[in-house]
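Raw upload-v5.txt, compact mmCIF, C-alpha atoms:
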# COMPACT_ATOMS: atom_id res chain seq x y z
CA MET A 1 57.02 250.39 71.41
CA THR A 2 57.45 253.98 72.51
CA GLN A 3 54.25 255.68 71.31
CA THR A 4 52.25 257.55 73.92
CA ARG A 5 49.02 256.79 72.09
CA ALA A 6 47.36 253.44 72.62
CA ASP A 7 48.83 250.65 70.50
CA VAL A 8 45.74 248.53 71.21
CA ASP A 9 42.47 249.05 73.00
CA ILE A 10 43.08 246.31 75.56
CA VAL A 11 45.98 244.11 76.68
CA VAL A 12 45.05 240.77 78.24
CA ILE A 13 47.75 239.33 80.47
CA GLY A 14 47.70 235.53 80.54
CA ALA A 15 46.43 232.97 78.02
CA GLY A 16 44.76 230.56 80.40
CA ALA A 17 41.02 229.95 80.50
CA ALA A 18 40.28 233.48 81.78
CA GLY A 19 42.57 235.28 79.35
CA LEU A 20 41.39 233.32 76.32
CA ALA A 21 37.72 233.79 77.28
CA ALA A 22 38.37 237.52 77.63
CA GLY A 23 40.19 237.57 74.30
CA ALA A 24 37.33 235.77 72.58
CA ALA A 25 34.86 238.35 73.92
CA LEU A 26 37.07 241.21 72.70
CA HIS A 27 37.40 239.53 69.31
CA ARG A 28 33.61 239.33 68.98
CA ALA A 29 33.39 243.05 69.77
CA ASP A 30 35.97 243.92 67.09
CA ALA A 31 38.16 245.60 69.69
CA SER A 32 41.87 245.86 69.01
CA PHE A 33 43.69 243.76 71.59
CA VAL A 34 46.54 241.40 72.24
CA VAL A 35 46.78 238.50 74.67
CA ILE A 36 50.28 238.10 76.08
CA GLU A 37 51.46 234.85 77.63
CA ALA A 38 54.72 234.07 79.39
CA ARG A 39 54.66 230.41 78.40
CA ASP A 40 55.25 229.05 74.91
CA ARG A 41 51.79 227.47 74.88
CA LEU A 42 48.15 228.37 75.57
CA GLY A 43 45.95 227.09 78.38
CA GLY A 44 47.77 228.15 81.55
CA ARG A 45 47.00 225.63 84.26
CA GLY A 46 44.99 223.69 81.69
CA TRP A 47 47.71 221.67 79.95
CA THR A 48 47.26 218.60 77.79
CA LEU A 49 50.47 216.68 77.20
CA GLN A 50 51.01 213.91 74.65
CA ALA A 51 52.82 211.04 76.41
CA GLY A 52 52.94 207.33 75.72
CA GLY A 53 50.61 207.82 72.77
CA HIS A 54 47.88 209.37 74.94
CA ALA A 55 46.53 212.85 75.66
CA ILE A 56 46.94 213.41 79.39
CA ASP A 57 45.86 216.44 81.39
CA MET A 58 48.60 217.66 83.69
CA GLY A 59 46.31 220.32 85.12
CA CYS A 60 42.50 220.54 85.17
CA GLY A 61 40.85 217.50 83.63
CA TRP A 62 37.13 217.63 84.44
CA LEU A 63 34.25 219.85 83.38
CA HIS A 64 32.56 220.20 86.78
CA SER A 65 28.89 221.24 86.92
CA ALA A 66 29.09 220.11 83.32
CA GLU A 67 25.51 220.72 82.25
CA ASP A 68 26.00 224.40 83.17
CA ASN A 69 29.66 224.63 82.15
CA PRO A 70 30.55 227.07 79.33
CA PHE A 71 33.23 224.67 78.12
CA ALA A 72 30.49 222.25 77.08
CA ASP A 73 29.44 224.90 74.54
CA VAL A 74 33.08 225.50 73.59
CA ALA A 75 33.43 221.76 72.93
CA ALA A 76 30.26 221.69 70.82
CA ARG A 77 31.45 224.60 68.67
CA ALA A 78 34.90 223.05 68.25
CA GLY A 79 33.51 219.60 67.46
CA VAL A 80 35.24 218.11 70.51
CA GLU A 81 33.62 214.98 71.92
CA LEU A 82 32.88 214.88 75.64
CA ASP A 83 32.79 211.72 77.75
CA ARG A 84 29.81 211.71 80.13
CA SER A 85 30.65 208.56 82.08
CA THR A 86 30.28 208.56 85.85
CA ALA A 87 33.32 210.09 87.56
CA PRO A 88 35.47 207.57 89.47
CA TRP A 89 34.96 209.33 92.81
CA GLN A 90 31.21 208.86 92.40
CA LYS A 91 31.58 205.08 92.28
CA PRO A 92 32.85 202.52 94.80
CA ALA A 93 36.64 202.27 94.96
CA TRP A 94 38.79 199.12 94.62
CA THR A 95 37.43 196.76 97.25
CA ASP A 96 40.34 194.33 97.77
CA ASN A 97 41.97 196.71 100.25
CA PHE A 98 38.95 198.92 100.97
CA PRO A 99 35.83 196.81 101.65
CA LEU A 100 32.45 198.25 100.73
CA ASP A 101 31.29 198.50 104.34
CA GLU A 102 34.33 200.64 105.16
CA GLN A 103 33.74 202.77 102.08
CA ARG A 104 30.19 203.32 103.26
CA SER A 105 31.45 204.37 106.70
CA TYR A 106 33.90 206.79 105.08
CA ARG A 107 31.19 208.40 102.92
CA GLU A 108 28.93 208.76 105.95
CA ALA A 109 31.76 210.47 107.86
CA TRP A 110 32.26 212.90 104.93
CA ALA A 111 28.54 213.71 104.87
CA ALA A 112 28.46 214.28 108.63
CA PHE A 113 31.53 216.51 108.42
CA TYR A 114 29.97 218.67 105.75
CA ASP A 115 26.67 218.86 107.64
CA ARG A 116 28.52 220.23 110.68
CA LEU A 117 30.40 222.68 108.45
CA GLU A 118 27.18 223.99 106.89
CA LYS A 119 25.69 224.55 110.33
CA GLY A 120 28.83 226.41 111.35
CA VAL A 121 28.56 228.70 108.32
CA ALA A 122 24.88 229.29 109.07
CA ALA A 123 25.99 230.54 112.48
CA ARG A 124 28.00 233.23 110.63
CA ALA A 125 31.31 231.88 111.87
CA ASP A 126 34.25 231.65 109.49
CA ARG A 127 36.51 229.09 111.05
CA PRO A 128 39.08 226.61 109.78
CA ALA A 129 37.24 223.73 108.17
CA SER A 130 39.23 221.36 110.39
CA ASP A 131 37.15 222.60 113.35
CA PHE A 132 34.27 220.51 112.03
CA LEU A 133 36.05 217.17 112.01
CA GLN A 134 34.66 214.81 114.62
CA PRO A 135 37.30 214.27 117.31
CA GLY A 136 38.64 210.74 117.20
CA CYS A 137 36.94 209.81 113.93
CA ARG A 138 38.99 207.16 112.15
CA TRP A 139 38.40 208.84 108.79
CA ASN A 140 39.68 212.32 109.70
CA GLY A 141 43.01 211.85 107.95
CA MET A 142 41.37 210.63 104.77
CA ILE A 143 38.82 213.46 104.82
CA ASP A 144 41.69 215.92 105.23
CA ALA A 145 43.48 214.24 102.31
CA GLY A 146 40.29 214.68 100.29
CA SER A 147 40.52 218.41 100.93
CA THR A 148 44.04 218.47 99.51
CA PHE A 149 42.76 216.90 96.27
CA ILE A 150 39.71 219.19 96.09
CA ASN A 151 41.10 222.46 97.47
CA GLY A 152 44.86 221.98 97.27
CA VAL A 153 45.15 222.61 101.00
CA GLU A 154 44.45 220.87 104.29
CA LEU A 155 41.25 221.71 106.16
CA SER A 156 43.17 223.72 108.76
CA GLY A 157 43.97 226.33 106.10
CA LEU A 158 40.52 226.44 104.49
CA SER A 159 37.87 229.13 105.05
CA THR A 160 34.53 227.45 105.74
CA VAL A 161 32.60 230.45 104.38
CA ASP A 162 34.51 230.35 101.11
CA TYR A 163 34.26 226.57 100.77
CA ASP A 164 30.52 226.64 101.40
CA ARG A 165 29.98 229.21 98.64
CA TYR A 166 31.25 226.86 95.96
CA VAL A 167 28.45 225.62 93.69
CA ASP A 168 28.63 222.08 92.29
CA THR A 169 25.80 220.29 90.52
CA GLY A 170 27.57 216.93 90.80
CA VAL A 171 27.71 216.41 87.03
CA ASN A 172 31.23 215.83 85.70
CA TRP A 173 32.34 215.30 82.08
CA ARG A 174 35.74 215.18 80.40
CA ALA A 175 37.30 215.51 76.98
CA PRO A 176 39.23 212.51 75.61
CA VAL A 177 41.39 214.94 73.59
CA GLY A 178 42.25 216.69 76.87
CA PHE A 179 40.67 219.58 78.74
CA GLY A 180 43.81 221.65 78.23
CA ALA A 181 43.55 221.08 74.48
CA LEU A 182 39.89 222.15 74.62
CA ILE A 183 40.81 225.36 76.47
CA ALA A 184 43.49 226.12 73.90
CA THR A 185 40.91 226.05 71.08
CA LEU A 186 39.64 229.38 72.41
CA GLY A 187 42.84 230.98 71.14
CA ALA A 188 42.55 229.75 67.55
CA ASN A 189 41.58 233.13 66.05
CA LEU A 190 43.04 235.46 68.65
CA ALA A 191 46.05 237.76 68.58
CA VAL A 192 48.27 235.97 71.11
CA LYS A 193 51.93 236.68 71.80
CA THR A 194 53.64 233.80 73.64
CA GLY A 195 56.97 233.95 75.45
CA CYS A 196 55.96 237.43 76.55
CA ALA A 197 55.78 237.93 80.32
CA ALA A 198 54.28 241.09 81.82
CA THR A 199 56.46 242.67 84.51
CA LEU A 200 54.89 246.08 85.25
CA ILE A 201 51.58 247.85 84.66
CA ASP A 202 52.05 251.63 84.69
CA HIS A 203 48.58 253.13 85.01
CA ALA A 204 49.66 256.62 86.06
CA GLY A 205 49.39 258.36 82.68
CA THR A 206 46.61 258.92 80.19
CA THR A 207 47.23 255.47 78.72
CA THR A 208 48.04 252.25 80.50
CA ARG A 209 51.54 251.02 79.72
CA VAL A 210 52.28 247.31 80.08
CA HIS A 211 55.98 246.51 80.33
CA THR A 212 56.87 243.02 79.12
CA THR A 213 59.92 240.91 78.37
CA GLN A 214 59.35 241.83 74.71
CA GLY A 215 58.95 245.58 75.17
CA ALA A 216 56.16 247.90 76.29
CA ILE A 217 52.58 248.07 75.01
CA ASN A 218 50.31 251.09 75.44
CA ALA A 219 46.62 250.39 75.85
CA ARG A 220 43.39 252.01 76.93
CA ALA A 221 42.78 249.19 79.43
CA VAL A 222 44.37 245.97 80.68
CA ILE A 223 42.90 242.72 81.94
CA VAL A 224 45.08 240.80 84.41
CA THR A 225 44.43 237.06 84.61
CA LEU A 226 47.61 235.89 86.35
CA PRO A 227 47.54 233.42 89.27
CA THR A 228 47.28 235.09 92.67
CA ASN A 229 50.72 233.91 93.78
CA LEU A 230 52.36 235.93 90.99
CA ILE A 231 50.47 239.07 92.00
CA ALA A 232 51.15 238.61 95.69
CA ASP A 233 54.90 238.06 95.31
CA GLY A 234 55.45 241.04 92.99
CA SER A 235 56.23 239.09 89.83
CA LEU A 236 53.82 241.56 88.24
CA ARG A 237 54.20 245.06 89.68
CA PHE A 238 51.91 248.08 89.50
CA SER A 239 52.70 251.79 89.32
CA PRO A 240 51.12 253.40 91.26
CA ASP A 241 51.06 250.50 93.71
CA LEU A 242 47.82 248.61 94.33
CA PRO A 243 48.20 247.42 97.94
CA ASP A 244 44.57 246.26 98.17
CA LYS A 245 45.11 243.93 95.21
CA ILE A 246 48.38 242.57 96.63
CA GLU A 247 46.71 241.88 99.98
CA ALA A 248 43.69 240.26 98.34
CA ALA A 249 45.91 238.01 96.23
CA ALA A 250 47.93 237.04 99.30
CA ASN A 251 44.70 236.03 101.03
CA LEU A 252 43.78 233.81 98.06
CA PRO A 253 46.92 231.67 97.76
CA LEU A 254 47.17 228.79 95.34
CA GLY A 255 47.01 225.40 96.96
CA LEU A 256 48.77 222.45 95.37
CA ALA A 257 47.41 219.45 93.49
CA ASP A 258 49.87 217.42 91.42
CA LYS A 259 49.50 214.45 89.11
CA LEU A 260 51.69 211.54 88.10
CA PHE A 261 50.82 209.33 85.13
CA LEU A 262 52.00 205.71 85.00
CA ALA A 263 51.79 203.45 81.96
CA VAL A 264 50.55 199.94 82.77
CA GLU A 265 51.57 196.87 80.81
CA GLY A 266 48.67 194.47 80.32
CA ALA A 267 46.09 196.65 82.05
CA ASP A 268 43.02 194.57 81.18
CA ASP A 269 42.83 193.13 84.70
CA LEU A 270 42.16 196.61 86.10
CA PRO A 271 38.68 198.19 86.06
CA VAL A 272 38.02 200.97 83.56
CA ASP A 273 37.75 204.31 85.39
CA GLY A 274 38.28 202.60 88.73
CA ARG A 275 39.70 204.20 91.84
CA LEU A 276 42.13 202.93 94.42
CA TYR A 277 43.61 204.18 97.69
CA GLY A 278 46.92 202.78 98.85
CA ALA A 279 46.50 204.09 102.39
CA ARG A 280 43.51 205.36 104.33
CA ASP A 281 44.76 206.22 107.79
CA ARG A 282 46.48 209.60 107.34
CA VAL A 283 46.48 212.84 105.35
CA ASP A 284 49.68 212.24 103.35
CA ILE A 285 48.16 209.79 100.89
CA ALA A 286 47.53 209.65 97.15
CA SER A 287 44.46 208.67 95.14
CA TYR A 288 44.71 206.53 92.01
CA HIS A 289 42.46 206.69 88.95
CA LEU A 290 42.72 203.35 87.16
CA ARG A 291 42.50 203.16 83.37
CA PRO A 292 41.02 206.59 82.56
CA PHE A 293 39.01 206.32 79.31
CA GLY A 294 39.96 202.63 79.32
CA ARG A 295 43.57 203.52 78.54
CA PRO A 296 46.51 201.51 79.97
CA LEU A 297 47.31 204.28 82.45
CA ILE A 298 47.02 205.11 86.13
CA GLU A 299 46.48 208.78 87.03
CA CYS A 300 47.88 209.47 90.50
CA TYR A 301 46.75 212.48 92.56
CA PHE A 302 48.75 214.20 95.30
CA GLY A 303 47.78 217.34 97.19
CA GLY A 304 48.63 219.90 99.84
CA ALA A 305 51.72 219.75 102.02
CA PHE A 306 52.39 216.16 100.97
CA ALA A 307 52.67 217.21 97.32
CA ARG A 308 55.01 220.05 98.31
CA GLU A 309 57.29 217.62 100.15
CA LEU A 310 57.42 215.35 97.12
CA GLU A 311 58.13 218.30 94.81
CA LYS A 312 61.15 219.22 96.94
CA ALA A 313 62.37 215.63 96.82
CA GLY A 314 62.21 215.54 93.02
CA GLU A 315 60.04 213.99 90.35
CA ALA A 316 61.24 210.45 91.13
CA ALA A 317 59.80 210.76 94.64
CA PHE A 318 56.26 210.82 93.22
CA ALA A 319 56.85 207.61 91.27
CA ASP A 320 58.59 205.87 94.16
CA TYR A 321 55.69 206.58 96.49
CA ALA A 322 52.93 205.72 94.01
CA ILE A 323 54.52 202.51 92.77
CA GLY A 324 55.14 201.37 96.34
CA GLN A 325 51.49 201.99 97.22
CA LEU A 326 50.17 200.26 94.11
CA VAL A 327 52.41 197.24 94.63
CA GLY A 328 51.18 197.01 98.22
CA ALA A 329 47.58 196.95 96.99
CA LEU A 330 47.96 194.89 93.80
CA GLY A 331 50.87 192.56 94.52
CA ALA A 332 54.64 192.47 94.12
CA GLY A 333 54.40 191.36 90.49
CA PHE A 334 52.72 194.62 89.59
CA ARG A 335 55.92 196.65 89.95
CA LYS A 336 57.47 195.50 86.66
CA ARG A 337 54.30 196.48 84.80
CA LEU A 338 54.53 200.19 85.70
CA THR A 339 56.47 202.89 83.84
CA PRO A 340 56.38 206.60 84.83
CA LEU A 341 55.22 208.82 81.95
CA ALA A 342 54.86 212.38 83.22
CA CYS A 343 54.54 214.30 86.47
CA SER A 344 53.30 217.81 87.17
CA ARG A 345 54.98 219.97 89.79
CA TRP A 346 52.82 223.08 89.75
CA GLY A 347 54.38 224.56 92.87
CA LEU A 348 57.69 224.83 91.03
CA ASP A 349 56.17 226.20 87.82
CA PRO A 350 57.44 229.81 87.63
CA PHE A 351 54.27 230.97 85.88
CA ALA A 352 51.83 229.41 88.37
CA ARG A 353 53.52 228.47 91.67
CA GLY A 354 50.49 226.44 92.63
CA SER A 355 47.30 224.88 91.31
CA TYR A 356 44.16 226.80 92.31
CA SER A 357 43.09 229.29 94.94
CA HIS A 358 41.56 228.93 98.36
CA ALA A 359 40.63 231.71 100.75
CA ARG A 360 42.40 232.04 104.05
CA VAL A 361 40.16 231.85 107.12
CA GLY A 362 38.31 235.13 107.57
CA ARG A 363 39.34 236.36 104.11
CA SER A 364 36.69 234.94 101.78
CA ASP A 365 35.66 238.43 100.65
CA ALA A 366 39.11 238.87 99.11
CA ARG A 367 37.66 237.39 95.91
CA ALA A 368 35.42 240.43 95.43
CA THR A 369 38.29 242.78 96.31
CA LEU A 370 40.58 241.17 93.74
CA ALA A 371 37.89 241.22 91.04
CA ALA A 372 37.04 244.93 91.42
CA PRO A 373 38.32 247.19 88.56
CA VAL A 374 40.80 250.00 89.19
CA ASP A 375 39.78 253.36 87.68
CA ASP A 376 38.00 251.58 84.81
CA ARG A 377 41.43 250.83 83.33
CA VAL A 378 42.88 247.82 85.15
CA PHE A 379 40.61 244.79 85.35
CA PHE A 380 41.15 241.42 87.00
CA ALA A 381 39.94 237.93 86.11
CA GLY A 382 40.72 234.29 86.83
CA GLU A 383 39.29 231.51 88.95
CA ALA A 384 40.32 233.35 92.13
CA CYS A 385 37.93 236.18 91.18
CA SER A 386 34.92 233.86 91.07
CA ARG A 387 32.69 233.77 94.15
CA HIS A 388 30.97 230.46 93.39
CA ASP A 389 33.13 228.73 90.73
CA PHE A 390 36.64 229.31 92.11
CA SER A 391 39.34 226.68 91.54
CA THR A 392 37.79 225.69 88.20
CA ALA A 393 38.43 226.42 84.54
CA HIS A 394 34.80 227.42 84.05
CA GLY A 395 35.09 229.89 86.93
CA ALA A 396 38.09 231.41 85.18
CA PHE A 397 36.20 231.49 81.86
CA ARG A 398 33.25 233.34 83.37
CA ALA A 399 35.49 235.80 85.20
CA GLY A 400 37.33 236.48 81.92
CA GLU A 401 34.11 237.26 80.10
CA ILE A 402 32.91 239.53 82.92
CA ALA A 403 36.19 241.47 82.87
CA ALA A 404 36.08 241.79 79.07
CA ARG A 405 32.54 243.18 79.15
CA ALA A 406 33.51 245.67 81.86
CA ALA A 407 36.61 246.78 79.95
CA LEU A 408 34.65 247.20 76.72
CA ALA A 409 32.05 249.28 78.53
CA ALA A 410 34.77 251.44 80.07
CA ILE A 411 36.25 252.30 76.68
CA ARG A 412 32.79 252.53 75.11
CA ILE A 413 32.89 249.57 72.77
CA PRO A 414 29.63 247.58 72.84
CA PRO A 415 30.11 243.89 73.63
CA ARG A 416 28.55 241.18 71.45
CA SER A 417 27.06 237.93 72.67

Give the structure from this file in structure tokens form.
Amino acid sequence: MTQTRADVDIVVIGAGAAGLAAGAALHRADASFVVIEARDRLGGRGWTLQAGGHAIDMGCGWLHSAEDNPFADVAARAGVELDRSTAPWQKPAWTDNFPLDEQRSYREAWAAFYDRLEKGVAARADRPASDFLQPGCRWNGMIDAGSTFINGVELSGLSTVDYDRYVDTGVNWRAPVGFGALIATLGANLAVKTGCAATLIDHAGTTTRVHTTQGAINARAVIVTLPTNLIADGSLRFSPDLPDKIEAAANLPLGLADKLFLAVEGADDLPVDGRLYGARDRVDIASYHLRPFGRPLIECYFGGAFARELEKAGEAAFADYAIGQLVGALGAGFRKRLTPLACSRWGLDPFARGSYSHARVGRSDARATLAAPVDDRVFFAGEACSRHDFSTAHGAFRAGEIAARAALAAIRIPPRS
């Protein structure tokens, strides 16, 4: 496209939760827009894969703070059933190798750690969260591993101020059809162009010109919903440059949380929605969700530096580690019952390069910097832009709607609820 006039009112870059939520808001307002997506699918880091006859979520899988989560309304409108069973991490884990009294001691250590962290934040000190581990506590490694599952990064790299701002009601639901599939329903009636990666936003002229792998698009405004790692490393460039945005994105890097799914032959002897740890004495461990939804599967979680090491070693390294751990906990005969189905390696995904954002120590305000519009023409959204719901699909959704409303106001199109 070579026209100097606007081809559309607004271009939305990225068809993840933020981009699709923004697109839905623009659709309601009857604005002319297009959502462009580098992948050949919708959902971004929300990705439901069909494997072994089951819908499995390779990315986000839980509606956190579910009673206040906009995706609960999305599910209701789409006729998607939600499972409201208690989350496995809110129940006792497998006791054969982790007795209940030890589990109680571990939970008490977690609570004491977080109490110290809250007091540190109240003292207006942003420090690495690892500063609040109790020296010599036997559970420090496991608490640090918990941070890699929750935040994608070890406590030493986590801003306490940012972490403390996160809001969680403790209510967690999931979609048997897959959370990624639920997110993708947002794009059902939207103008979406897949296989179309944005490379440059030229906002110097009277219109904003978005250069893509399928040509250029002129628009009155653009909403950027790409992961922070792609902004920080220059995969998407800006002309004129936006150094404040690049710096903010670099201070909100994506941590890493990967999953491996194993099929289990004859799984009836395992508890439905159970949880198991193969090791408990260090940070480089995995967590195992047994029989999610009662299915003959084990969902294995890996995070942080440990996940990065396994990614470098190759997909088979995840299965080798997990199967070894499960055999150690469940017996040698268990090995022949396990078959690897699918493994995510988000750090190697060229359109993500990580899982979800965390703020570097002393840089928690980078979220507000990243979210701020540029000249009422370039807007930003995504979970990294959310102050209280970061690292979640619903945080991305809300940020997408906020950016869409701001863009509509800037070009004088009234939004609709």

Pick from A:Thr369, A:Thr48, A:Thr199, A:Asn69, whichever lies nearest to A:Gly180 using only C-alpha atoms |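 Using only C-alpha atoms, A:Gly180 sits closest to A:Thr48.
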
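Residue nearest A:Leu330, chosen from A:Asn140, A:Ser391, A:Asn229, A:Asn97 and counting only C-alpha atoms: A:Asn97.
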
For A:Val8: contacts at 7 Å, only C-alpha atoms, fewer than 3 positions along chain excluded, given as number ranges by chain | A: 32-33, 218-219

Output file for the selection above: C-alpha atoms, as a short mmCIF file (atom, residue, chain, number, x, y, z; two decimals), keeping the file's coordinate frame:
data_model
loop_
_atom_site.label_atom_id
_atom_site.label_comp_id
_atom_site.auth_asym_id
_atom_site.auth_seq_id
_atom_site.Cartn_x
_atom_site.Cartn_y
_atom_site.Cartn_z
CA SER A 32 41.87 245.86 69.01
CA PHE A 33 43.69 243.76 71.59
CA ASN A 218 50.31 251.09 75.44
CA ALA A 219 46.62 250.39 75.85
#

So how far away is atom CA of A:Cys385 from atom CA of A:Ala204, in Å?
->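 Atom CA of A:Ala204 sits 24.1 Å away from atom CA of A:Cys385.
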
Give me, please, the distance in Å between atom CA of A:Gly324 and atom CA of A:Arg280, quoted to one decimal.
->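 The value is 14.7 Å.
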
Can you check which parts of stretch 144-259 of chain A lie within 8 Å of stretch 77-83 of chain A? Per residue, the shortest pair of atoms and distance in Å to one decimal, counting only C-alpha atoms, sorted by chain and number, as CSV.
residue,atom,partner,partner_atom,distance
A:Trp173,CA,A:Asp83,CA,5.6
A:Arg174,CA,A:Asp83,CA,5.3
A:Ala175,CA,A:Leu82,CA,4.7
A:Pro176,CA,A:Leu82,CA,6.8
A:Val177,CA,A:Val80,CA,7.6
A:Leu182,CA,A:Val80,CA,7.4
A:Thr185,CA,A:Ala78,CA,7.3

For A:Ile13, work out the shell of residues within 8 Å, counting all atoms listed in the file and skipping chain neighbours fewer than 5 positions away, then give it as JSON, numbers by chain.
-> {"A": [19, 35, 36, 37, 198, 222, 223, 224, 225, 226]}

Could you list, as a short mmCIF file (atom, residue, chain, number, x, y, z; two decimals) with C-alpha atoms, in the frame of the given file, every residue within 7 Å of A:Val121, counting only C-alpha atoms and ignoring same-chain residues fewer than 5 positions away?
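Result went into around_13.cif, see below:
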data_model
loop_
_atom_site.label_atom_id
_atom_site.label_comp_id
_atom_site.auth_asym_id
_atom_site.auth_seq_id
_atom_site.Cartn_x
_atom_site.Cartn_y
_atom_site.Cartn_z
CA ASP A 126 34.25 231.65 109.49
CA THR A 160 34.53 227.45 105.74
CA VAL A 161 32.60 230.45 104.38
#

Measuring atom to atom with only C-alpha atoms, identify which of A:Glu311, A:Glu108, A:Glu102, A:Asp96 is nearest to A:Gly278.
->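 Comparing A:Glu311, A:Glu108, A:Glu102, A:Asp96 against A:Gly278, the winner is A:Asp96.
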
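In this structure, atom CA of A:Thr95 sits 27.3 Å away from atom CA of A:Met58.
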